[in-house]
>>> print(open('run36.pdb').read())   # PDB, C-alpha atoms and all ligand atoms
ATOM      1  CA  MET V1060     -10.758  38.556   4.626
ATOM      2  CA  PRO V1061      -8.862  41.875   4.506
ATOM      3  CA  GLY V1062      -9.293  43.946   1.341
ATOM      4  CA  PHE V1063      -6.832  45.650  -0.996
ATOM      5  CA  GLY V1064      -6.628  48.673   1.347
ATOM      6  CA  ALA V1065      -5.187  46.547   4.162
ATOM      7  CA  PHE V1066      -2.415  45.211   1.938
ATOM      8  CA  ALA V1067      -1.659  48.687   0.561
ATOM      9  CA  GLN V1068      -1.185  49.748   4.185
ATOM     10  CA  VAL V1069       1.140  46.766   4.782
ATOM     11  CA  ALA V1070       3.270  47.884   1.814
ATOM     12  CA  ARG V1071       3.395  51.467   3.143
ATOM     13  CA  GLU V1072       4.353  50.313   6.658
ATOM     14  CA  LEU V1073       7.038  48.036   5.260
ATOM     15  CA  ARG V1074       8.599  50.927   3.333
ATOM     16  CA  ARG V1075       8.837  52.824   6.643
ATOM     17  CA  ASP V1076      10.367  49.761   8.362
ATOM     18  CA  VAL V1077      13.061  49.482   5.672
ATOM     19  CA  ALA V1078      13.767  53.214   5.954
ATOM     20  CA  ALA V1079      14.071  52.796   9.763
ATOM     21  CA  ALA V1080      16.634  50.004   9.311
ATOM     22  CA  ARG V1081      18.657  52.175   6.922
ATOM     23  CA  ALA V1082      18.545  55.125   9.303
ATOM     24  CA  ARG V1083      19.259  53.315  12.579
ATOM     25  CA  ASP V1084      21.495  50.355  11.689
ATOM     26  CA  PRO V1085      25.137  51.450  11.266
ATOM     27  CA  ALA V1086      25.670  48.241   9.243
ATOM     28  CA  ALA V1087      23.062  49.401   6.714
ATOM     29  CA  ARG V1088      24.985  52.473   5.581
ATOM     30  CA  GLY V1089      25.246  52.375   1.811
ATOM     31  CA  VAL V1090      23.102  49.233   1.577
ATOM     32  CA  GLY V1091      20.192  49.341  -0.889
ATOM     33  CA  GLN V1092      16.541  48.814   0.023
ATOM     34  CA  VAL V1093      16.297  45.541  -1.897
ATOM     35  CA  GLU V1094      19.308  44.072  -0.079
ATOM     36  CA  ILE V1095      17.814  45.069   3.296
ATOM     37  CA  LEU V1096      14.471  43.577   2.303
ATOM     38  CA  ALA V1097      16.167  40.349   1.261
ATOM     39  CA  THR V1098      18.642  39.839   4.112
ATOM     40  CA  TRP V1099      17.548  41.647   7.321
ATOM     41  CA  PRO V1100      15.742  39.184   9.654
ATOM     42  CA  GLY V1101      14.014  42.013  11.526
ATOM     43  CA  ILE V1102      12.469  43.150   8.242
ATOM     44  CA  HIS V1103      11.306  39.613   7.404
ATOM     45  CA  ALA V1104       9.669  39.322  10.811
ATOM     46  CA  LEU V1105       7.918  42.681  10.411
ATOM     47  CA  LEU V1106       6.695  41.867   6.905
ATOM     48  CA  ALA V1107       5.255  38.572   8.158
ATOM     49  CA  TYR V1108       3.759  40.268  11.238
ATOM     50  CA  ARG V1109       2.119  43.041   9.211
ATOM     51  CA  VAL V1110       0.489  40.494   6.885
ATOM     52  CA  ALA V1111      -0.550  38.288   9.835
ATOM     53  CA  HIS V1112      -1.916  41.321  11.716
ATOM     54  CA  ALA V1113      -3.991  42.399   8.699
ATOM     55  CA  LEU V1114      -5.385  38.846   8.365
ATOM     56  CA  HIS V1115      -6.056  38.685  12.121
ATOM     57  CA  GLY V1116      -7.866  42.038  11.975
ATOM     58  CA  GLY V1117      -9.910  40.675   9.047
ATOM     59  CA  GLY V1118     -11.172  37.785  11.180
ATOM     60  CA  VAL V1119      -8.949  35.018   9.720
ATOM     61  CA  ARG V1120      -8.275  32.420  12.440
ATOM     62  CA  LEU V1121      -5.494  29.887  11.781
ATOM     63  CA  LEU V1122      -3.330  31.474   9.093
ATOM     64  CA  PRO V1123      -2.007  34.444  11.146
ATOM     65  CA  ARG V1124      -0.752  32.131  13.921
ATOM     66  CA  THR V1125       0.812  29.821  11.346
ATOM     67  CA  ILE V1126       2.651  32.760   9.761
ATOM     68  CA  SER V1127       3.836  33.841  13.216
ATOM     69  CA  MET V1128       5.092  30.342  14.053
ATOM     70  CA  LEU V1129       6.949  29.921  10.733
ATOM     71  CA  THR V1130       8.513  33.375  11.066
ATOM     72  CA  ARG V1131       9.785  32.498  14.531
ATOM     73  CA  ALA V1132      11.416  29.352  13.122
ATOM     74  CA  VAL V1133      13.209  31.383  10.421
ATOM     75  CA  THR V1134      14.120  34.605  12.269
ATOM     76  CA  GLY V1135      13.962  33.783  15.983
ATOM     77  CA  ILE V1136      11.503  36.666  16.360
ATOM     78  CA  GLU V1137       8.045  35.874  17.710
ATOM     79  CA  ILE V1138       5.386  38.544  17.303
ATOM     80  CA  HIS V1139       1.801  37.723  18.201
ATOM     81  CA  PRO V1140      -0.494  38.670  15.286
ATOM     82  CA  ALA V1141      -2.747  40.639  17.662
ATOM     83  CA  ALA V1142       0.079  42.864  18.985
ATOM     84  CA  ARG V1143      -0.143  46.492  17.862
ATOM     85  CA  ILE V1144       2.981  47.953  16.263
ATOM     86  CA  GLY V1145       3.329  51.497  14.921
ATOM     87  CA  GLU V1146       5.449  52.650  12.001
ATOM     88  CA  GLY V1147       9.229  52.572  11.726
ATOM     89  CA  LEU V1148       9.992  49.719  14.155
ATOM     90  CA  PHE V1149      13.567  48.495  13.821
ATOM     91  CA  ILE V1150      14.507  45.072  15.250
ATOM     92  CA  ASP V1151      18.286  44.677  15.095
ATOM     93  CA  HIS V1152      19.665  41.115  14.718
ATOM     94  CA  GLY V1153      16.379  39.681  15.890
ATOM     95  CA  ALA V1154      17.063  36.359  17.574
ATOM     96  CA  GLY V1155      15.169  35.816  20.808
ATOM     97  CA  VAL V1156      12.746  38.742  20.469
ATOM     98  CA  VAL V1157       9.253  38.078  21.849
ATOM     99  CA  ILE V1158       6.361  40.541  21.479
ATOM    100  CA  GLY V1159       3.225  39.396  23.313
ATOM    101  CA  GLU V1160      -0.415  39.492  22.336
ATOM    102  CA  THR V1161      -1.456  42.726  24.087
ATOM    103  CA  ALA V1162       1.831  44.599  23.568
ATOM    104  CA  ASP V1163       1.385  48.050  22.059
ATOM    105  CA  ILE V1164       4.396  49.638  20.339
ATOM    106  CA  GLY V1165       4.430  53.249  19.095
ATOM    107  CA  ASP V1166       6.342  54.762  16.175
ATOM    108  CA  ASP V1167      10.121  54.725  15.589
ATOM    109  CA  VAL V1168      10.957  52.206  18.302
ATOM    110  CA  THR V1169      14.224  50.220  18.258
ATOM    111  CA  LEU V1170      14.587  46.708  19.727
ATOM    112  CA  TYR V1171      17.813  44.731  19.942
ATOM    113  CA  GLN V1172      18.120  40.960  20.102
ATOM    114  CA  GLY V1173      16.727  39.093  23.084
ATOM    115  CA  VAL V1174      14.097  41.685  24.035
ATOM    116  CA  THR V1175      10.940  40.345  25.656
ATOM    117  CA  LEU V1176       7.721  42.342  25.874
ATOM    118  CA  GLY V1177       5.967  39.767  28.017
ATOM    119  CA  GLY V1178       3.339  39.126  30.652
ATOM    120  CA  THR V1179       4.070  38.329  34.292
ATOM    121  CA  GLY V1180       1.882  35.256  34.722
ATOM    122  CA  PHE V1181      -1.479  33.886  33.776
ATOM    123  CA  ALA V1182      -3.377  37.187  33.928
ATOM    124  CA  THR V1183      -5.875  37.854  31.164
ATOM    125  CA  GLY V1184      -6.732  41.127  29.412
ATOM    126  CA  LYS V1185      -4.023  43.763  28.878
ATOM    127  CA  ARG V1186      -0.913  42.068  30.280
ATOM    128  CA  HIS V1187       1.982  43.172  28.069
ATOM    129  CA  PRO V1188       3.873  46.490  27.951
ATOM    130  CA  THR V1189       2.902  49.652  26.110
ATOM    131  CA  VAL V1190       5.972  51.197  24.482
ATOM    132  CA  GLN V1191       5.574  54.806  23.378
ATOM    133  CA  ASP V1192       7.303  56.519  20.433
ATOM    134  CA  ASN V1193      11.093  56.758  19.996
ATOM    135  CA  VAL V1194      11.970  54.222  22.698
ATOM    136  CA  THR V1195      15.185  52.142  22.468
ATOM    137  CA  ILE V1196      15.318  48.773  24.249
ATOM    138  CA  GLY V1197      18.760  47.179  24.667
ATOM    139  CA  SER V1198      19.635  43.572  24.016
ATOM    140  CA  GLY V1199      18.327  41.014  26.493
ATOM    141  CA  ALA V1200      15.999  43.468  28.263
ATOM    142  CA  LYS V1201      12.831  41.949  29.738
ATOM    143  CA  LEU V1202       9.823  44.246  30.054
ATOM    144  CA  LEU V1203       7.072  42.471  31.914
ATOM    145  CA  GLY V1204       3.438  43.279  32.644
ATOM    146  CA  PRO V1205       1.029  46.027  31.503
ATOM    147  CA  ILE V1206       3.573  48.789  32.149
ATOM    148  CA  THR V1207       4.111  51.937  30.082
ATOM    149  CA  ILE V1208       7.515  52.902  28.719
ATOM    150  CA  GLY V1209       7.410  56.676  28.229
ATOM    151  CA  HIS V1210       8.357  58.210  24.889
ATOM    152  CA  GLY V1211      12.057  58.666  24.210
ATOM    153  CA  ALA V1212      13.113  56.318  27.039
ATOM    154  CA  LYS V1213      16.194  54.068  26.775
ATOM    155  CA  ILE V1214      16.218  50.660  28.450
ATOM    156  CA  GLY V1215      19.694  49.271  29.162
ATOM    157  CA  ALA V1216      20.841  45.893  27.903
ATOM    158  CA  ASN V1217      19.781  43.037  30.223
ATOM    159  CA  SER V1218      17.482  45.204  32.346
ATOM    160  CA  VAL V1219      14.380  43.686  33.906
ATOM    161  CA  VAL V1220      11.627  46.311  33.938
ATOM    162  CA  ILE V1221       8.394  45.695  35.848
ATOM    163  CA  THR V1222       7.227  49.255  36.574
ATOM    164  CA  ASP V1223       6.346  52.272  34.413
ATOM    165  CA  VAL V1224       9.271  54.155  32.917
ATOM    166  CA  PRO V1225       9.116  57.980  32.749
ATOM    167  CA  PRO V1226       9.493  59.675  29.339
ATOM    168  CA  ASN V1227      13.019  60.665  28.230
ATOM    169  CA  SER V1228      14.695  58.571  30.895
ATOM    170  CA  THR V1229      17.395  55.891  30.913
ATOM    171  CA  VAL V1230      16.542  52.792  32.936
ATOM    172  CA  VAL V1231      19.055  50.030  33.763
ATOM    173  CA  GLY V1232      19.475  47.053  36.091
ATOM    174  CA  ASN V1233      17.328  44.422  37.753
ATOM    175  CA  PRO V1234      14.898  45.658  38.849
ATOM    176  CA  GLY V1235      15.138  48.418  36.264
ATOM    177  CA  HIS V1236      15.489  51.876  37.813
ATOM    178  CA  PRO V1237      16.016  55.320  36.234
ATOM    179  CA  VAL V1238      19.637  56.532  36.178
ATOM    180  CA  ARG V1239      18.856  59.571  33.993
ATOM    181  CA  VAL V1240      15.645  61.587  33.593
ATOM    182  CA  ASP V1241      15.734  64.352  30.989
ATOM    183  CA  GLY V1242      19.514  63.895  30.852
ATOM    184  CA  ARG V1243      20.043  64.420  34.615
ATOM    185  CA  ARG V1244      20.623  61.998  37.466
ATOM    186  CA  PRO V1245      17.379  61.628  39.447
ATOM    187  CA  GLU V1246      17.366  63.238  42.901
ATOM    188  CA  GLY V1247      17.935  60.744  45.724
ATOM    189  CA  PRO V1248      17.644  61.100  49.499
ATOM    190  CA  ASP V1249      20.431  63.218  51.025
ATOM    191  CA  ALA V1250      22.738  60.589  52.527
ATOM    192  CA  ASP V1251      25.321  63.065  53.896
ATOM    193  CA  TRP V1252      24.547  62.589  57.600
ATOM    194  CA  ILE V1253      28.000  63.873  58.667
ATOM    195  CA  HIS V1254      27.701  67.457  57.438
ATOM    196  CA  LEU V1255      24.192  68.326  58.576
ATOM    197  CA  PRO V1256      23.559  72.074  59.012
ATOM    198  CA  ASP V1257      23.340  73.265  62.669
ATOM    199  CA  PRO V1258      20.923  76.248  62.772
ATOM    200  CA  ILE V1259      21.424  76.870  66.536
ATOM    201  CA  ALA V1260      25.224  77.082  66.202
ATOM    202  CA  GLU V1261      24.769  79.396  63.189
ATOM    203  CA  ALA V1262      22.447  81.689  65.230
ATOM    204  CA  ILE V1263      24.895  81.807  68.171
ATOM    205  CA  GLN V1264      27.756  82.514  65.751
ATOM    206  CA  GLY V1265      25.770  85.455  64.339
ATOM    207  CA  LEU V1266      25.131  86.849  67.832
ATOM    208  CA  ALA V1267      28.803  86.373  68.807
ATOM    209  CA  SER V1268      30.103  88.286  65.810
ATOM    210  CA  ARG V1269      27.566  91.065  66.522
ATOM    211  CA  ILE V1270      28.795  91.266  70.163
ATOM    212  CA  GLY V1271      32.387  91.349  68.883
ATOM    213  CA  ALA V1272      31.563  94.296  66.611
ATOM    214  CA  LEU V1273      29.852  96.149  69.506
ATOM    215  CA  GLU V1274      32.851  95.517  71.821
ATOM    216  CA  ARG V1275      35.194  97.009  69.225
ATOM    217  CA  THR V1276      32.936 100.103  68.807
ATOM    218  CA  VAL V1277      32.685 100.636  72.579
ATOM    219  CA  GLY V1278      36.476 100.249  72.885
ATOM    220  CA  GLU V1279      37.072 102.896  70.200
ATOM    221  CA  LEU V1280      34.595 105.348  71.781
ATOM    222  CA  SER V1281      36.003 104.919  75.269
ATOM    223  CA  GLY V1282      39.609 104.859  74.077
ATOM    224  CA  GLU V1283      40.156 101.485  75.726
ATOM    225  CA  GLU V1284      41.392  98.338  74.080
ATOM    226  CA  PRO V1285      38.990  95.401  74.726
ATOM    227  CA  ASP V1286      41.068  93.190  77.067
ATOM    228  CA  ALA V1287      39.149  89.985  76.330
ATOM    229  CA  PRO V1288      39.160  88.410  72.878
ATOM    230  CA  VAL V1289      35.912  88.826  70.973
ATOM    231  CA  ALA V1290      33.327  86.156  71.580
ATOM    232  CA  GLU V1291      33.864  83.084  69.486
ATOM    233  CA  VAL V1292      31.927  79.855  68.979
ATOM    234  CA  ARG V1293      33.946  76.689  68.847
ATOM    235  CA  PRO V1294      32.706  73.702  66.841
ATOM    236  CA  LEU V1295      31.378  70.838  68.908
ATOM    237  CA  ARG V1296      33.775  67.931  69.405
ATOM    238  CA  THR V1297      33.140  64.360  70.492
ATOM    239  CA  VAL V1298      33.568  64.163  74.253
ATOM    240  CA  LYS V1299      35.416  61.091  75.460
ATOM    241  CA  GLY V1300      34.278  59.322  78.616
ATOM    242  CA  PRO V1301      31.119  57.687  79.853
ATOM    243  CA  ASN V1302      27.921  58.318  77.942
ATOM    244  CA  PRO V1303      26.061  61.074  79.860
ATOM    245  CA  ALA V1304      22.797  59.439  78.862
ATOM    246  CA  GLY V1305      23.856  56.434  80.926
ATOM    247  CA  GLY V1306      23.748  54.084  77.902
TER     248      GLY V1306
HETATM  249  C1  LIG P1401      21.115  52.082  28.442
HETATM  250  C2  LIG P1401      21.929  52.718  27.335
HETATM  251  C3  LIG P1401      21.044  53.008  26.160
HETATM  252  C4  LIG P1401      22.468  53.992  28.013
HETATM  253  O1  LIG P1401      23.033  54.886  27.124
HETATM  254  P1  LIG P1401      23.293  56.430  27.571
HETATM  255  O2  LIG P1401      22.032  57.179  27.583
HETATM  256  O3  LIG P1401      24.400  56.919  26.718
HETATM  257  O4  LIG P1401      23.681  56.362  29.102
HETATM  258  P2  LIG P1401      25.127  56.204  29.748
HETATM  259  O5  LIG P1401      26.002  55.340  28.907
HETATM  260  O6  LIG P1401      25.577  57.583  30.090
HETATM  261  O7  LIG P1401      24.801  55.399  31.083
HETATM  262  C5  LIG P1401      24.094  55.957  32.170
HETATM  263  C6  LIG P1401      24.419  55.133  33.403
HETATM  264  O8  LIG P1401      23.834  53.817  33.253
HETATM  265  C7  LIG P1401      24.859  52.808  33.338
HETATM  266  N1  LIG P1401      24.508  51.784  32.350
HETATM  267  C8  LIG P1401      24.387  51.960  31.006
HETATM  268  N2  LIG P1401      23.965  50.824  30.442
HETATM  269  C9  LIG P1401      23.811  49.913  31.426
HETATM  270  C10 LIG P1401      23.380  48.555  31.445
HETATM  271  N3  LIG P1401      23.024  47.929  30.329
HETATM  272  N4  LIG P1401      23.318  47.921  32.645
HETATM  273  C11 LIG P1401      23.664  48.556  33.788
HETATM  274  N5  LIG P1401      24.078  49.865  33.828
HETATM  275  C12 LIG P1401      24.147  50.522  32.658
HETATM  276  C13 LIG P1401      26.153  53.545  33.026
HETATM  277  O9  LIG P1401      27.266  52.898  33.609
HETATM  278  C14 LIG P1401      25.897  54.906  33.630
HETATM  279  O10 LIG P1401      26.080  54.797  35.057
HETATM  280  P3  LIG P1401      26.464  56.091  35.970
HETATM  281  O11 LIG P1401      25.188  56.877  36.143
HETATM  282  O12 LIG P1401      26.909  55.478  37.250
HETATM  283  O13 LIG P1401      27.517  56.845  35.230
HETATM  284  C15 LIG P1401      23.083  51.807  26.833
HETATM  285  O14 LIG P1401      24.069  51.676  27.824
HETATM  286  C16 LIG P1401      22.586  50.403  26.457
HETATM  287  O15 LIG P1401      22.488  49.495  27.263
HETATM  288  N6  LIG P1401      22.277  50.263  25.146
HETATM  289  C17 LIG P1401      21.853  49.013  24.577
HETATM  290  C18 LIG P1401      22.728  48.725  23.393
HETATM  291  C19 LIG P1401      22.571  47.311  22.890
HETATM  292  O16 LIG P1401      21.784  46.522  23.352
HETATM  293  N7  LIG P1401      23.352  47.005  21.878
HETATM  294  C20 LIG P1401      23.331  45.741  21.263
HETATM  295  C21 LIG P1401      23.982  45.892  19.924
HETATM  296  S1  LIG P1401      24.197  44.334  19.190
END
>>> encode(input="run36.pdb", output="structure tokens", more="lines below")
Ligand SMILES: CC(C)(COP(=O)(O)OP(=O)(O)OC[C@H]1O[C@@H](n2cnc3c(N)ncnc32)[C@H](O)[C@@H]1OP(=O)(O)O)[C@@H](O)C(=O)NCCC(=O)NCCS
Amino acid sequence: MPGFGAFAQVARELRRDVAAARARDPAARGVGQVEILATWPGIHALLAYRVAHALHGGGVRLLPRTISMLTRAVTGIEIHPAARIGEGLFIDHGAGVVIGETADIGDDVTLYQGVTLGGTGFATGKRHPTVQDNVTIGSGAKLLGPITIGHGAKIGANSVVITDVPPNSTVVGNPGHPVRVDGRRPEGPDADWIHLPDPIAEAIQGLASRIGALERTVGELSGEEPDAPVAEVRPLRTVKGPNPAGG
């Protein structure tokens, strides 16, 4: 059975959870701590989880799962008692949130309704996501498997994420892919096949302009006007007619 220290820690963690709700929920502006404690479903779920987790860590068998089941019935949020959750988690609205047994959540994470931190099948061992500090996960997002969501990442609403997410990135879509990393669009392959550089034409152009300069100098020294225009390189054009390669 967990001792007094474990429950003192639960009280401390809960204070941080309430502070997180006040800081990150626009609807909580000007709302007192007691009102948040009494009426925010995400807070109820976290209170129940933190008690269940302390009991689970203290070797209690049935009670933690019973608390988890009852909390799901009341809040729509299911958190496995063995999941590891840091301080300052904020679950907005709550309904439909699932946090699996081996999920590991860091500090100051925000989850919206309908988020799943789930496994991909019947694998055993570590099979749920690790979510690092300061991550925001949009409503309806599914994060599946033992992947790592890097600190400060944002996961778009309704994304399905099955691979690791780099820190400080924004990931959207199904399958989830980064659309911003450190505030910039990630580099993609250069798809501009029309305007490829032509190094041979550039070299010939350089030689031609050099010849033109020499022709002008010779003309000035000899007192003669160059009768031919200076060398120029014309851009290549598509030649109409049969394909010389025989096609
Ligand atoms: C992902 C999210 C956090 C991105 O916020 P952001 O960092 O400000 O990024 P932007 O809005 O600049 O979007 C970046 C790109 O992703 C796209 N995008 C954003 N969210 C998306 C989503 N959920 N699905 C698909 N594409 C999305 C944008 O259109 C933009 O595309 P572009 O690169 O072609 O311009 C935000 O869009 C989101 O989904 N938040 C969840 C909010 C939520 O669940 N609220 C519920 C309240 S009840």
>>> resolve_selection(input="run36.pdb", expression="the PyMOL selection byres (((not hetatm)) within 12 of (chain P and resi 1401))", output="JSON, numbers by chain")
{"V": [1083, 1084, 1085, 1086, 1150, 1151, 1152, 1153, 1154, 1169, 1170, 1171, 1172, 1173, 1174, 1194, 1195, 1196, 1197, 1198, 1199, 1200, 1201, 1211, 1212, 1213, 1214, 1215, 1216, 1217, 1218, 1219, 1220, 1227, 1228, 1229, 1230, 1231, 1232, 1233, 1234, 1235, 1236, 1237, 1238, 1239, 1240, 1241, 1242, 1243, 1244, 1245]}
>>> atom_distance(input="run36.pdb", atom1="CA of Val1069 in chain V", atom2="CA of Val1110 in chain V")
6.6 Å
>>> residues_around(input="run36.pdb", residues="Val1157 in chain V", least_positions_apart="3", cutoff="8 Å", atoms="all atoms listed in the file", output="number ranges by chain")
V: 1136-1138, 1173-1177
>>> write_last_selection(input="run36.pdb", atoms="C-alpha atoms", output="PDB file, in the frame of the given file")
ATOM      1  CA  ILE V1136      11.503  36.666  16.360  1.00  0.00           C
ATOM      2  CA  GLU V1137       8.045  35.874  17.710  1.00  0.00           C
ATOM      3  CA  ILE V1138       5.386  38.544  17.303  1.00  0.00           C
ATOM      4  CA  GLY V1173      16.727  39.093  23.084  1.00  0.00           C
ATOM      5  CA  VAL V1174      14.097  41.685  24.035  1.00  0.00           C
ATOM      6  CA  THR V1175      10.940  40.345  25.656  1.00  0.00           C
ATOM      7  CA  LEU V1176       7.721  42.342  25.874  1.00  0.00           C
ATOM      8  CA  GLY V1177       5.967  39.767  28.017  1.00  0.00           C
TER       9      GLY V1177
END
>>> axis_aligned_box(input="run36.pdb", around="range 1073-1088 of chain V", padding_each_side="3 Å", output="lines of an AutoDock Vina configuration file")
center_x = 16.4
center_y = 51.6
center_z = 8.0
size_x = 24.6
size_y = 13.1
size_z = 15.2
>>> atom_distance(input="run36.pdb", atom1="CA of Val1224 in chain V", atom2="CA of Leu1203 in chain V")
11.9 Å
>>> resolve_selection(input="run36.pdb", expression="the PyMOL selection byres (((chain V and resi 1099) around 10) and not hetatm)", output="PyMOL selection string")
chain V and resi 1077+1080+1087+1094-1098+1100-1104+1134+1150-1153
>>> resolve_selection(input="run36.pdb", expression="the PyMOL selection byres (((chain V and resi 1127) around 7) and not hetatm)", output="PyMOL selection string")
chain V and resi 1108+1123-1126+1128-1131+1137-1140
>>> atom_distance(input="run36.pdb", atom1="CA of Thr1161 in chain V", atom2="CA of Gly1204 in chain V")
9.9 Å
